[in-house]
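K.L.:
One structure coming up, written as structure tokens, with questions to follow.
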Amino acid sequence: MSTSTTASVSTHILDTSIGRPAEGVAVRLSARSGQGAPYGRAGDWQALGGSATDADGRCKDLPALPEGTTHVRLDFEVEPYFAKKQADAQQDAPANRDSGASSVFFPEVAITFAVVPGEHYHVPLLLNPFGYSVYRGS
């Protein structure tokens with residue numbers, strides 16, 4: 001829950017290749033504070049913890065953001081999800097066609113966005129084996 005001095009974040013994942021929520025995807029939340037923080041400098045990001053998507057593709061227990069957070073990163077570990085999905089399907093999907101040794105083109109998805117205190121940010125991930133998109137939801 002956001003307060004006047006903090007922002008809050010929620011997310012969910014929809015597997016657009018099957019039109020269903022993606023269950024069991026690990027999600028990690030990190031935060032950075034300070035408007036002038038240089039991109040990519042070691043120590044900028046503070047790992048806050050994580051969760052995994054439930055049967056509805058939602059993470060309902062992401063950690064709260066610390067006061068002063070200006071940037072947030074969500075890291076989605078999608079490779080195990082697609083590996084399990086492929087194993088469950090028991091078929092030779094075209095996923096191996098262009099991706100070499102791995103059956104997953106994007107093994108992880110990292111989404112970074114700016115936040116302001118007092119706002120809630122719902123960031124859905126629309127996912128398929130060869131692409132993804134995100135947006136600020138409500």
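Every chain in the structure tokens takes a letter, A first, then B, and so on in the order presented; its residues are numbered from 1, and the ligands are numbered from 1 following the presented order.
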Give me every helix (DSSP H, G or I) residue in chain A, going by DSSP on the backbone, as a list in words.
P.N.:
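Filtering chain A to helix (DSSP H, G or I) leaves Glu79, Pro80, Tyr81, Phe82, Ala83, Lys84, Lys85, Gln86, Ala87, Asp88, Ala89, Pro94, Ala95 and Asn96 of chain A.
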K.L.:
Next, dump the selected residues to file, keeping only C-alpha atoms, as an mmCIF file, in the first residue's frame.
P.N.:
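Output (selection-v1.cif):
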data_model
loop_
_atom_site.group_PDB
_atom_site.id
_atom_site.type_symbol
_atom_site.label_atom_id
_atom_site.label_comp_id
_atom_site.auth_asym_id
_atom_site.auth_seq_id
_atom_site.Cartn_x
_atom_site.Cartn_y
_atom_site.Cartn_z
ATOM 1 C CA GLU A 79 12.798 -19.716 -18.297
ATOM 2 C CA PRO A 80 11.623 -22.298 -15.708
ATOM 3 C CA TYR A 81 7.986 -21.449 -16.523
ATOM 4 C CA PHE A 82 8.461 -22.107 -20.250
ATOM 5 C CA ALA A 83 10.590 -25.215 -19.620
ATOM 6 C CA LYS A 84 7.805 -26.682 -17.468
ATOM 7 C CA LYS A 85 5.166 -25.650 -19.989
ATOM 8 C CA GLN A 86 7.116 -27.310 -22.809
ATOM 9 C CA ALA A 87 7.656 -30.480 -20.767
ATOM 10 C CA ASP A 88 3.959 -30.583 -19.876
ATOM 11 C CA ALA A 89 2.995 -30.220 -23.517
ATOM 12 C CA PRO A 94 9.036 -24.512 -32.783
ATOM 13 C CA ALA A 95 10.685 -22.781 -29.814
ATOM 14 C CA ASN A 96 13.986 -24.526 -30.652
#
K.L.:
What's the 12 Å shell around range 109-119 of chain A, counting only C-alpha atoms, without same-chain residues fewer than 4 positions away, as a PyMOL selection string?
P.N.:
chain A and resi 1-11+13+25-35+39-40+45+65-79+104-105+123-136+138
K.L.:
Please produce a file of those selected residues containing C-alpha atoms, as a CSV table (one decimal), in the first residue's frame.
P.N.:
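again-v3.csv, freshly written:
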chain,number,residue,atom,x,y,z
A,1,MET,CA,0.0,0.0,0.0
A,2,SER,CA,1.4,3.4,-0.9
A,3,THR,CA,1.6,6.3,1.5
A,4,SER,CA,2.3,9.9,0.9
A,5,THR,CA,6.0,9.2,1.3
A,6,THR,CA,6.2,5.9,-0.6
A,7,ALA,CA,5.0,4.3,-3.8
A,8,SER,CA,3.7,0.7,-4.1
A,9,VAL,CA,4.0,-1.9,-6.8
A,10,SER,CA,1.9,-4.9,-8.0
A,11,THR,CA,2.2,-7.1,-11.0
A,13,ILE,CA,1.6,-12.1,-15.9
A,25,VAL,CA,7.0,-17.4,-12.1
A,26,ALA,CA,9.5,-16.1,-9.7
A,27,VAL,CA,9.5,-12.3,-9.4
A,28,ARG,CA,12.2,-10.2,-7.6
A,29,LEU,CA,11.7,-6.6,-6.6
A,30,SER,CA,14.6,-4.1,-6.4
A,31,ALA,CA,14.6,-0.3,-5.7
A,32,ARG,CA,16.9,2.6,-6.1
A,33,SER,CA,16.6,6.1,-4.7
A,34,GLY,CA,18.0,9.4,-5.7
A,35,GLN,CA,17.2,11.3,-8.9
A,39,TYR,CA,22.5,4.0,-14.4
A,40,GLY,CA,24.2,0.7,-13.8
A,45,TRP,CA,19.9,-1.3,-6.6
A,65,LEU,CA,9.2,0.0,-1.2
A,66,PRO,CA,11.4,2.0,1.1
A,67,GLU,CA,10.9,5.8,1.5
A,68,GLY,CA,12.7,7.8,-1.1
A,69,THR,CA,12.4,5.1,-3.9
A,70,THR,CA,12.6,6.8,-7.3
A,71,HIS,CA,13.2,3.7,-9.5
A,72,VAL,CA,11.9,0.2,-9.3
A,73,ARG,CA,13.0,-3.0,-11.1
A,74,LEU,CA,10.9,-6.2,-11.5
A,75,ASP,CA,12.9,-9.2,-12.5
A,76,PHE,CA,10.8,-12.1,-13.9
A,77,GLU,CA,12.5,-15.6,-14.1
A,78,VAL,CA,10.5,-16.9,-17.1
A,79,GLU,CA,12.8,-19.7,-18.3
A,104,VAL,CA,13.6,-20.1,-24.3
A,105,PHE,CA,14.5,-16.9,-26.2
A,123,VAL,CA,2.8,-3.4,-14.1
A,124,PRO,CA,1.4,-6.3,-16.0
A,125,LEU,CA,3.6,-8.5,-18.1
A,126,LEU,CA,2.2,-10.0,-21.3
A,127,LEU,CA,4.4,-12.9,-22.1
A,128,ASN,CA,4.9,-15.5,-24.9
A,129,PRO,CA,7.9,-17.6,-25.9
A,130,PHE,CA,9.3,-15.1,-28.3
A,131,GLY,CA,8.2,-11.7,-27.0
A,132,TYR,CA,6.8,-9.7,-24.2
A,133,SER,CA,5.2,-6.3,-23.5
A,134,VAL,CA,4.4,-4.3,-20.3
A,135,TYR,CA,2.3,-1.4,-19.5
A,136,ARG,CA,1.2,0.6,-16.5
A,138,SER,CA,-4.6,0.2,-12.9
K.L.:
Could you state the separation of CA of Asp15 in chain A and CA of Tyr121 in chain A in Å, given to one decimal place?
P.N.:
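Between these atoms lies a distance of 20.4 Å.
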K.L.:
Work out how far apart CA of Gly24 in chain A and CA of Asp44 in chain A are and give it in Å to one decimal.
P.N.:
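Distance reported for this atom pair: 28.3 Å.
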K.L.:
In Å, rounded to a single decimal, give me how far CA of Glu23 in chain A is from CA of Leu48 in chain A.
P.N.:
21.4 Å
K.L.:
May I have all residues of chain A that DSSP, computed from the backbone, assigns to strand (DSSP E or B), given as a ChimeraX atom specification?
P.N.:
/A:3,6,8-15,20-21,26-33,46-52,58-59,69-77,108-114,120-122,125-128,131-134,137
K.L.:
Residues within 9 Å of His12 in chain A, please, as a ChimeraX atom specification. Count only C-alpha atoms; anything in the same chain fewer than 6 positions from it doesn't count.
P.N.:
/A:21-22,53-54,56-60,122-126
K.L.:
Export all heavy atoms of the chosen residues as a short mmCIF file (atom, residue, chain, number, x, y, z; two decimals), in the first residue's frame?
P.N.:
data_model
loop_
_atom_site.label_atom_id
_atom_site.label_comp_id
_atom_site.auth_asym_id
_atom_site.auth_seq_id
_atom_site.Cartn_x
_atom_site.Cartn_y
_atom_site.Cartn_z
N PRO A 21 -3.27 -17.01 -17.25
CA PRO A 21 -2.24 -16.50 -16.33
C PRO A 21 -1.04 -17.44 -16.29
O PRO A 21 -1.18 -18.65 -16.47
CB PRO A 21 -2.95 -16.49 -14.98
CG PRO A 21 -4.40 -16.52 -15.28
CD PRO A 21 -4.54 -17.27 -16.58
N ALA A 22 0.13 -16.88 -16.06
CA ALA A 22 1.36 -17.67 -15.92
C ALA A 22 1.60 -17.92 -14.43
O ALA A 22 1.92 -17.00 -13.68
CB ALA A 22 2.53 -16.93 -16.55
N THR A 53 4.26 -15.96 -8.89
CA THR A 53 2.88 -15.76 -9.32
C THR A 53 2.01 -16.93 -8.88
O THR A 53 2.43 -18.08 -8.89
CB THR A 53 2.80 -15.58 -10.84
OG1 THR A 53 3.42 -16.70 -11.50
CG2 THR A 53 3.49 -14.30 -11.29
N ASP A 54 0.78 -16.60 -8.51
CA ASP A 54 -0.18 -17.61 -8.08
C ASP A 54 -0.95 -18.13 -9.30
O ASP A 54 -0.61 -17.82 -10.44
CB ASP A 54 -1.10 -17.06 -6.99
CG ASP A 54 -1.96 -15.89 -7.45
OD1 ASP A 54 -2.07 -15.63 -8.68
OD2 ASP A 54 -2.53 -15.21 -6.57
N ASP A 56 -3.62 -17.20 -10.52
CA ASP A 56 -4.16 -16.10 -11.32
C ASP A 56 -3.06 -15.28 -11.96
O ASP A 56 -3.32 -14.21 -12.52
CB ASP A 56 -5.03 -15.20 -10.45
CG ASP A 56 -6.33 -15.87 -10.04
OD1 ASP A 56 -6.87 -16.67 -10.84
OD2 ASP A 56 -6.80 -15.60 -8.93
N GLY A 57 -1.80 -15.72 -11.83
CA GLY A 57 -0.67 -15.00 -12.42
C GLY A 57 -0.27 -13.76 -11.64
O GLY A 57 0.47 -12.92 -12.13
N ARG A 58 -0.75 -13.63 -10.41
CA ARG A 58 -0.50 -12.42 -9.61
C ARG A 58 0.50 -12.67 -8.48
O ARG A 58 0.54 -13.76 -7.92
CB ARG A 58 -1.81 -11.92 -9.00
CG ARG A 58 -2.81 -11.53 -10.07
CD ARG A 58 -4.09 -10.97 -9.49
NE ARG A 58 -5.01 -10.66 -10.58
CZ ARG A 58 -4.99 -9.55 -11.30
NH1 ARG A 58 -4.09 -8.63 -11.05
NH2 ARG A 58 -5.85 -9.35 -12.27
N CYS A 59 1.26 -11.64 -8.17
CA CYS A 59 2.13 -11.64 -6.99
C CYS A 59 1.43 -10.77 -5.95
O CYS A 59 1.38 -9.55 -6.11
CB CYS A 59 3.49 -11.02 -7.32
SG CYS A 59 4.56 -12.09 -8.25
N LYS A 60 0.92 -11.39 -4.93
CA LYS A 60 0.14 -10.65 -3.94
C LYS A 60 0.96 -10.23 -2.74
O LYS A 60 0.45 -9.53 -1.87
CB LYS A 60 -1.06 -11.48 -3.51
CG LYS A 60 -2.03 -11.71 -4.65
CD LYS A 60 -3.25 -12.44 -4.21
CE LYS A 60 -4.20 -12.59 -5.38
NZ LYS A 60 -5.32 -13.43 -5.05
N HIS A 122 0.77 -0.62 -10.99
CA HIS A 122 0.47 -2.00 -11.36
C HIS A 122 1.08 -2.21 -12.73
O HIS A 122 0.76 -1.49 -13.68
CB HIS A 122 -1.04 -2.24 -11.38
CG HIS A 122 -1.37 -3.66 -11.70
ND1 HIS A 122 -1.05 -4.70 -10.85
CD2 HIS A 122 -1.97 -4.22 -12.78
CE1 HIS A 122 -1.45 -5.84 -11.39
NE2 HIS A 122 -2.01 -5.58 -12.56
N VAL A 123 2.02 -3.16 -12.83
CA VAL A 123 2.80 -3.35 -14.06
C VAL A 123 2.60 -4.78 -14.55
O VAL A 123 3.32 -5.70 -14.16
CB VAL A 123 4.29 -3.06 -13.81
CG1 VAL A 123 5.08 -3.17 -15.10
CG2 VAL A 123 4.47 -1.68 -13.19
N PRO A 124 1.60 -5.01 -15.43
CA PRO A 124 1.37 -6.33 -15.98
C PRO A 124 2.41 -6.68 -17.04
O PRO A 124 2.88 -5.82 -17.78
CB PRO A 124 -0.02 -6.22 -16.62
CG PRO A 124 -0.63 -5.01 -16.00
CD PRO A 124 0.51 -4.08 -15.73
N LEU A 125 2.74 -7.97 -17.10
CA LEU A 125 3.64 -8.51 -18.13
C LEU A 125 2.83 -9.43 -19.02
O LEU A 125 2.21 -10.37 -18.54
CB LEU A 125 4.78 -9.29 -17.46
CG LEU A 125 5.74 -10.05 -18.38
CD1 LEU A 125 6.50 -9.10 -19.29
CD2 LEU A 125 6.70 -10.90 -17.55
N LEU A 126 2.79 -9.11 -20.31
CA LEU A 126 2.16 -9.96 -21.31
C LEU A 126 3.28 -10.75 -21.95
O LEU A 126 4.20 -10.18 -22.54
CB LEU A 126 1.41 -9.13 -22.35
CG LEU A 126 0.37 -8.17 -21.79
CD1 LEU A 126 -0.26 -7.36 -22.92
CD2 LEU A 126 -0.68 -8.91 -21.00
#
